[in-house]
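Novice: Compact mmCIF, C-alpha atoms, saved as query_29.txt, coming up:
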# COMPACT_ATOMS: atom_id res chain seq x y z
CA PHE A 1 -37.33 -25.13 90.36
CA GLY A 2 -38.55 -27.12 93.35
CA PRO A 3 -39.91 -30.07 91.32
CA LEU A 4 -36.93 -29.87 88.95
CA PHE A 5 -34.36 -30.33 91.73
CA SER A 6 -36.41 -32.60 93.97
CA ARG A 7 -34.90 -35.87 95.18
CA THR A 8 -37.17 -37.89 92.90
CA ALA A 9 -36.34 -35.83 89.82
CA LEU A 10 -32.59 -35.92 90.50
CA ALA A 11 -32.69 -39.67 91.02
CA SER A 12 -34.62 -40.12 87.77
CA MET A 13 -32.15 -37.94 85.85
CA GLY A 14 -29.24 -39.79 87.38
CA ARG A 15 -30.63 -43.14 86.29
CA PHE A 16 -31.24 -41.80 82.78
CA VAL A 17 -27.70 -40.43 82.43
CA GLY A 18 -26.27 -43.63 83.87
CA GLU A 19 -27.89 -45.64 81.08
CA PHE A 20 -25.54 -43.97 78.58
CA PHE A 21 -22.49 -45.48 80.24
CA PRO A 22 -20.51 -47.37 79.25
CA PRO A 23 -20.85 -46.55 75.52
CA ASP A 24 -20.98 -49.39 73.02
CA LEU A 25 -17.39 -49.69 71.78
CA SER A 26 -17.71 -53.02 70.02
CA ALA A 27 -15.79 -53.26 66.74
CA SER A 28 -18.89 -53.92 64.63
CA PHE A 29 -20.78 -50.93 66.03
CA LEU A 30 -17.75 -48.63 65.79
CA ALA A 31 -17.50 -49.55 62.11
CA LYS A 32 -21.13 -48.50 61.60
CA VAL A 33 -20.53 -45.24 63.47
CA GLY A 34 -17.41 -44.55 61.41
CA LEU A 35 -19.39 -45.04 58.21
CA GLY A 36 -22.09 -42.71 59.52
CA ALA A 37 -19.49 -40.08 60.39
CA LEU A 38 -18.00 -40.26 56.89
CA GLN A 39 -21.48 -39.93 55.44
CA THR A 40 -22.19 -36.88 57.59
CA LEU A 41 -18.89 -35.30 56.57
CA ALA A 42 -19.57 -36.02 52.89
CA VAL A 43 -23.07 -34.52 53.09
CA SER A 44 -21.72 -31.32 54.66
CA ALA A 45 -18.81 -31.03 52.22
CA LEU A 46 -20.86 -31.64 49.08
CA GLY A 47 -23.70 -29.40 50.22
CA THR A 48 -21.27 -26.58 50.98
CA LEU A 49 -19.40 -27.06 47.68
CA LEU A 50 -22.62 -26.90 45.64
CA ALA A 51 -23.74 -23.84 47.60
CA ALA A 52 -20.40 -22.08 47.11
CA GLY A 53 -20.59 -22.57 43.34
CA ALA A 54 -24.21 -21.47 43.12
CA GLY A 55 -23.63 -18.57 45.51
CA ALA A 56 -20.72 -17.29 43.44
CA LEU A 57 -22.86 -17.29 40.29
CA LEU A 58 -25.86 -15.67 41.98
CA ALA A 59 -23.63 -13.07 43.65
CA LEU A 60 -23.06 -11.39 40.27
CA PRO A 61 -26.65 -10.18 39.78
CA ALA A 62 -27.08 -9.74 43.56
CA SER A 63 -24.20 -7.24 43.57
CA GLY A 64 -25.95 -5.04 41.01
CA ARG A 65 -23.83 -5.90 37.99
CA PHE A 66 -26.88 -6.58 35.81
CA GLY A 67 -28.98 -3.64 36.88
CA PRO A 68 -31.23 -2.79 39.83
CA LEU A 69 -34.13 -4.98 38.66
CA ALA A 70 -32.00 -8.12 38.55
CA GLN A 71 -30.38 -7.14 41.84
CA GLY A 72 -33.72 -6.81 43.61
CA ALA A 73 -35.06 -10.08 42.20
CA MET A 74 -31.92 -12.01 43.10
CA ARG A 75 -31.73 -10.64 46.62
CA PHE A 76 -35.36 -11.62 47.14
CA ALA A 77 -34.59 -15.16 45.96
CA LEU A 78 -31.51 -15.42 48.20
CA ASN A 79 -33.49 -14.12 51.18
CA LEU A 80 -36.15 -16.73 50.49
CA LEU A 81 -33.60 -19.56 50.35
CA ARG A 82 -31.91 -18.65 53.60
CA SER A 83 -35.08 -17.76 55.50
CA VAL A 84 -36.21 -21.41 55.37
CA PRO A 85 -34.31 -23.42 58.04
CA GLU A 86 -32.24 -26.43 57.04
CA LEU A 87 -34.55 -28.82 58.89
CA VAL A 88 -37.54 -27.58 56.89
CA TRP A 89 -35.61 -27.91 53.62
CA ALA A 90 -34.57 -31.42 54.69
CA ALA A 91 -38.17 -32.43 55.40
CA LEU A 92 -39.18 -31.15 51.95
CA MET A 93 -36.23 -32.81 50.21
CA VAL A 94 -36.96 -36.14 51.90
CA LEU A 95 -40.43 -35.98 50.35
CA ALA A 96 -38.96 -35.01 46.96
CA ALA A 97 -35.85 -37.20 46.80
CA GLY A 98 -36.55 -39.90 49.38
CA LEU A 99 -34.81 -40.86 52.60
CA GLY A 100 -31.02 -40.77 52.64
CA PRO A 101 -28.01 -38.49 52.45
CA PHE A 102 -28.95 -36.98 49.07
CA ALA A 103 -31.87 -35.19 50.71
CA GLY A 104 -29.44 -33.78 53.28
CA VAL A 105 -27.10 -32.54 50.56
CA LEU A 106 -29.95 -30.74 48.79
CA ALA A 107 -31.23 -29.21 52.04
CA LEU A 108 -27.81 -27.84 53.02
CA ALA A 109 -27.12 -26.65 49.48
CA LEU A 110 -30.38 -24.71 49.22
CA HIS A 111 -30.10 -22.94 52.56
CA THR A 112 -26.35 -22.27 52.27
CA THR A 113 -26.76 -20.92 48.74
CA GLY A 114 -28.98 -18.20 50.15
CA VAL A 115 -26.43 -17.37 52.85
CA LEU A 116 -23.29 -17.47 50.70
CA GLY A 117 -24.96 -15.77 47.74
CA ARG A 118 -25.85 -12.79 49.93
CA LEU A 119 -22.40 -12.66 51.58
CA PHE A 120 -20.58 -13.07 48.27
CA GLY A 121 -22.77 -10.42 46.65
CA GLU A 122 -22.16 -7.86 49.40
CA THR A 123 -18.41 -8.50 49.26
CA LEU A 124 -18.41 -8.06 45.49
CA GLU A 125 -20.54 -4.92 45.75
CA ASN A 126 -18.07 -3.28 48.14
CA VAL A 127 -14.86 -4.15 46.28
CA PRO A 128 -13.23 -1.34 44.23
CA ARG A 129 -13.82 -1.84 40.49
CA ALA A 130 -10.96 0.34 39.27
CA ALA A 131 -8.78 -2.60 38.20
CA GLU A 132 -11.66 -4.31 36.38
CA LEU A 133 -12.68 -1.14 34.58
CA ALA A 134 -9.07 -0.48 33.58
CA LEU A 135 -8.88 -3.91 31.98
CA ARG A 136 -12.15 -3.27 30.14
CA ASP A 137 -10.80 0.04 28.85
CA ALA A 138 -7.66 -1.76 27.68
CA GLY A 139 -9.73 -4.11 25.53
CA SER A 140 -10.40 -7.13 27.78
CA ASN A 141 -13.77 -8.83 27.64
CA ALA A 142 -16.08 -8.79 30.64
CA VAL A 143 -15.19 -12.29 31.87
CA ALA A 144 -11.42 -11.73 31.71
CA ALA A 145 -11.71 -8.32 33.32
CA PHE A 146 -13.71 -9.77 36.21
CA ALA A 147 -11.41 -12.79 36.59
CA TYR A 148 -8.24 -10.69 36.75
CA GLY A 149 -9.56 -7.42 38.16
CA SER A 150 -12.18 -8.16 40.82
CA LEU A 151 -12.03 -11.88 41.59
CA PRO A 152 -8.55 -11.77 43.20
CA LEU A 153 -9.83 -9.09 45.58
CA VAL A 154 -12.89 -11.03 46.76
CA TRP A 155 -11.56 -14.60 46.58
CA PRO A 156 -9.94 -14.71 50.06
CA GLN A 157 -13.12 -13.41 51.72
CA TRP A 158 -15.30 -15.80 49.70
CA LEU A 159 -13.12 -18.73 50.77
CA ALA A 160 -13.28 -17.67 54.43
CA TYR A 161 -17.09 -17.47 54.27
CA ALA A 162 -17.31 -20.89 52.58
CA LEU A 163 -15.07 -22.58 55.17
CA TYR A 164 -17.04 -21.04 58.02
CA ARG A 165 -20.30 -22.26 56.55
CA TRP A 166 -18.80 -25.72 56.07
CA GLU A 167 -18.02 -25.84 59.80
CA MET A 168 -21.63 -24.94 60.54
CA ASN A 169 -22.93 -27.46 58.00
CA ILE A 170 -20.97 -30.30 59.64
CA ARG A 171 -22.99 -29.72 62.81
CA MET A 172 -26.22 -29.28 60.89
CA ALA A 173 -25.64 -32.41 58.79
CA ALA A 174 -25.50 -34.41 62.02
CA VAL A 175 -28.89 -32.98 63.00
CA LEU A 176 -30.58 -33.45 59.62
CA GLY A 177 -30.56 -37.21 60.12
CA PHE A 178 -33.45 -36.77 62.56
CA VAL A 179 -35.72 -36.15 59.56
CA GLY A 180 -34.28 -39.04 57.53
CA ALA A 181 -31.31 -37.38 55.82
CA GLY A 182 -28.81 -40.09 56.77
CA GLY A 183 -25.55 -39.99 58.70
CA LEU A 184 -25.01 -39.83 62.43
CA GLY A 185 -28.26 -38.01 63.11
CA GLN A 186 -30.32 -40.82 61.65
CA MET A 187 -28.36 -43.35 63.73
CA LEU A 188 -28.90 -41.31 66.88
CA TYR A 189 -32.64 -41.02 66.26
CA PHE A 190 -32.88 -44.76 65.61
CA HIS A 191 -31.08 -45.84 68.79
CA LEU A 192 -32.81 -43.29 71.02
CA SER A 193 -36.17 -44.45 69.67
CA LEU A 194 -35.30 -47.99 70.78
CA PHE A 195 -33.97 -46.77 74.15
CA GLN A 196 -30.50 -48.06 73.26
CA GLN A 197 -28.65 -45.42 75.24
CA ALA A 198 -25.25 -47.15 75.12
CA GLN A 199 -25.26 -47.04 71.32
CA ALA A 200 -26.62 -43.48 71.37
CA ALA A 201 -23.73 -42.43 73.63
CA THR A 202 -21.23 -43.73 71.06
CA VAL A 203 -22.97 -41.80 68.28
CA ILE A 204 -22.99 -38.60 70.39
CA GLY A 205 -19.26 -39.05 71.02
CA ALA A 206 -18.67 -39.45 67.28
CA MET A 207 -20.60 -36.22 66.64
CA PHE A 208 -18.39 -34.40 69.14
CA LEU A 209 -15.19 -35.71 67.58
CA LEU A 210 -16.38 -34.88 64.07
CA VAL A 211 -17.26 -31.28 64.95
CA PHE A 212 -14.07 -30.91 66.98
Mind turning the file's structure into structure tokens?
Specialist:
Amino acid sequence: FGPLFSRTALASMGRFVGEFFPPDLSASFLAKVGLGALQTLAVSALGTLLAAGAGALLALPASGRFGPLAQGAMRFALNLLRSVPELVWAALMVLAAGLGPFAGVLALALHTTGVLGRLFGETLENVPRAAELALRDAGSNAVAAFAYGSLPLVWPQWLAYALYRWEMNIRMAAVLGFVGAGGLGQMLYFHLSLFQQAQAATVIGAMFLLVF
């Protein structure tokens, strides 16, 4: 702690922080930052939407509705998807799909599918099936019985999980730009690499407002 809080170190840190002020608030740069913020928001929204749809479909076998073998295989696949961090998925997707926001969408979708699929499956596994079975006994097909018997019971919890993951993905989408996935993160990496701290301060402020 001595070297960290020495006079030389504090003076160096003070100079570094001072370089971020004042932020670049020129109209042309604010327009670029606004476009980057919209791109980051779009990446997070589309990635979460794709993951919610895929997670809902994969939750059916993961909840044990197609037998224990399918349940075990699907849970293994979901664990594999969510065990790989978003940054690693993004690095792989940049190699597969090229630089840009599409790689970020795929990275968020893959990781979030693993998370939401497991959460959706556990919710579906714990919901009472009496209403669904009653509809089946009354002559309904499997899809109608699920749609009217079980889905209304799990839908509010599924929506809450999806919205929570979207909030997390907004923050993560801003970070994925550091590996070339577009948006505010890519802008921040670019300006920090060129030691343009005033522009970087504006991008950091935009990240804060977007998450807020």
Novice: Residues near region 192-199 of chain A, anyone? I mean within 6 Å using only C-alpha atoms, not counting same-chain ones fewer than 6 positions away, as a tab-separated table (two decimals) with C-alpha atoms, keeping the file's coordinate frame.
Specialist:
chain	number	residue	atom	x	y	z
A	19	GLU	CA	-27.89	-45.64	81.08
A	20	PHE	CA	-25.54	-43.97	78.58
A	23	PRO	CA	-20.85	-46.55	75.52
A	24	ASP	CA	-20.98	-49.39	73.02
Novice: Can you work out the spacing between CA of Ala45 (chain A) and CA of Gly149 (chain A) in Å, to one decimal?
Specialist: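 Between CA of Ala45 (chain A) and CA of Gly149 (chain A) the gap is 29.0 Å.
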Novice: Taking (-16.8, -43.1, 69.5) in the coordinates of the supplied file, I want to know which residues reach to within 8 Å of it, counting all atoms listed in the file; could you give the answer as an MDAnalysis selection string?
Specialist: chainID A and resid 25 30 33 202:206 209
Novice: Now that the selection is made, can you save its residues with C-alpha atoms as a PDB file, in the frame of the given file?
Specialist:
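That gives us out_11.pdb:
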ATOM      1  CA  LEU A  25     -17.390 -49.690  71.780  1.00  0.00           C
ATOM      2  CA  LEU A  30     -17.750 -48.630  65.790  1.00  0.00           C
ATOM      3  CA  VAL A  33     -20.530 -45.240  63.470  1.00  0.00           C
ATOM      4  CA  THR A 202     -21.230 -43.730  71.060  1.00  0.00           C
ATOM      5  CA  VAL A 203     -22.970 -41.800  68.280  1.00  0.00           C
ATOM      6  CA  ILE A 204     -22.990 -38.600  70.390  1.00  0.00           C
ATOM      7  CA  GLY A 205     -19.260 -39.050  71.020  1.00  0.00           C
ATOM      8  CA  ALA A 206     -18.670 -39.450  67.280  1.00  0.00           C
ATOM      9  CA  LEU A 209     -15.190 -35.710  67.580  1.00  0.00           C
TER      10      LEU A 209
END
Novice: Can you measure CA of Arg136 (chain A) to CA of Leu69 (chain A) for me? One decimal in Å is fine.
Specialist: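 For CA of Arg136 (chain A) relative to CA of Leu69 (chain A), the distance reads 23.6 Å.
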Novice: Between CA of Leu188 (chain A) and CA of Phe208 (chain A), what is the distance in Å, rounded to a tenth?
Specialist: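 Between CA of Leu188 (chain A) and CA of Phe208 (chain A) the gap works out to 12.8 Å.
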Novice: Using only C-alpha atoms, which protein or nucleic acid residues come within 10 Å of Leu106 (chain A)? Drop anything in the same chain fewer than 3 positions from it, and give the result as a PyMOL selection string.
Specialist: chain A and resi 43+46-48+50-51+86+89-90+92-94+97+101-103+109-112+181
Novice: List the spatial neighbours of Val211 (chain A) as a list of chain:residue names - criterion: any atom at most 9 Å away, all atoms listed in the file, same-chain residues fewer than 5 positions off excluded.
Specialist: A:Glu167, A:Met168, A:Ile170, A:Arg171, A:Ala206
Novice: Which residue gives the smallest distance to Leu184 (chain A) among A:Gly36, A:Gly139, A:Gly67, A:Pro156, with all atoms listed in the file counted?
Specialist: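 Selected residue with least distance to Leu184 (chain A): A:Gly36.
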Novice: Let me make sure I understand: among A:Gly182, A:Gly100, A:Gly121, A:Pro85, which one has the smallest atom-to-atom distance to Gly72 (chain A) if we use only C-alpha atoms?
Specialist: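 For Gly72 (chain A), the nearest of the given residues is A:Gly121.
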Novice: Would you please work out which residue, of A:Phe76, A:Phe66, A:Trp158, A:Phe29, is nearest to Gly53 (chain A) when using only C-alpha atoms?
Specialist: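 Closest to Gly53 (chain A), using only C-alpha atoms: A:Trp158.
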Novice: Hey, can I get the axis-aligned box for region 105-123 of chain A? All listed atoms, 6 Å padding on each side, centre and edge lengths in Å to one decimal, as AutoDock Vina command-line options.
Specialist:
--center_x -24.8 --center_y -20.2 --center_z 49.8 --size_x 24.8 --size_y 36.7 --size_z 18.4
Novice: Env of Gly114 (chain A): 7 Å cut, atoms = only C-alpha atoms, seq-sep filter 6 positions within chain, self excluded. Answer as a PyMOL selection string.
Specialist: chain A and resi 78-79+81-82
Novice: Determine, counting all atoms listed in the file, which protein, DNA and RNA residues have an atom within 6 Å of an atom of Phe178 (chain A); residues of the same chain fewer than 6 positions away are not included. Present the result as an NGL selection string.
Specialist: :A and (185-186 or 189)
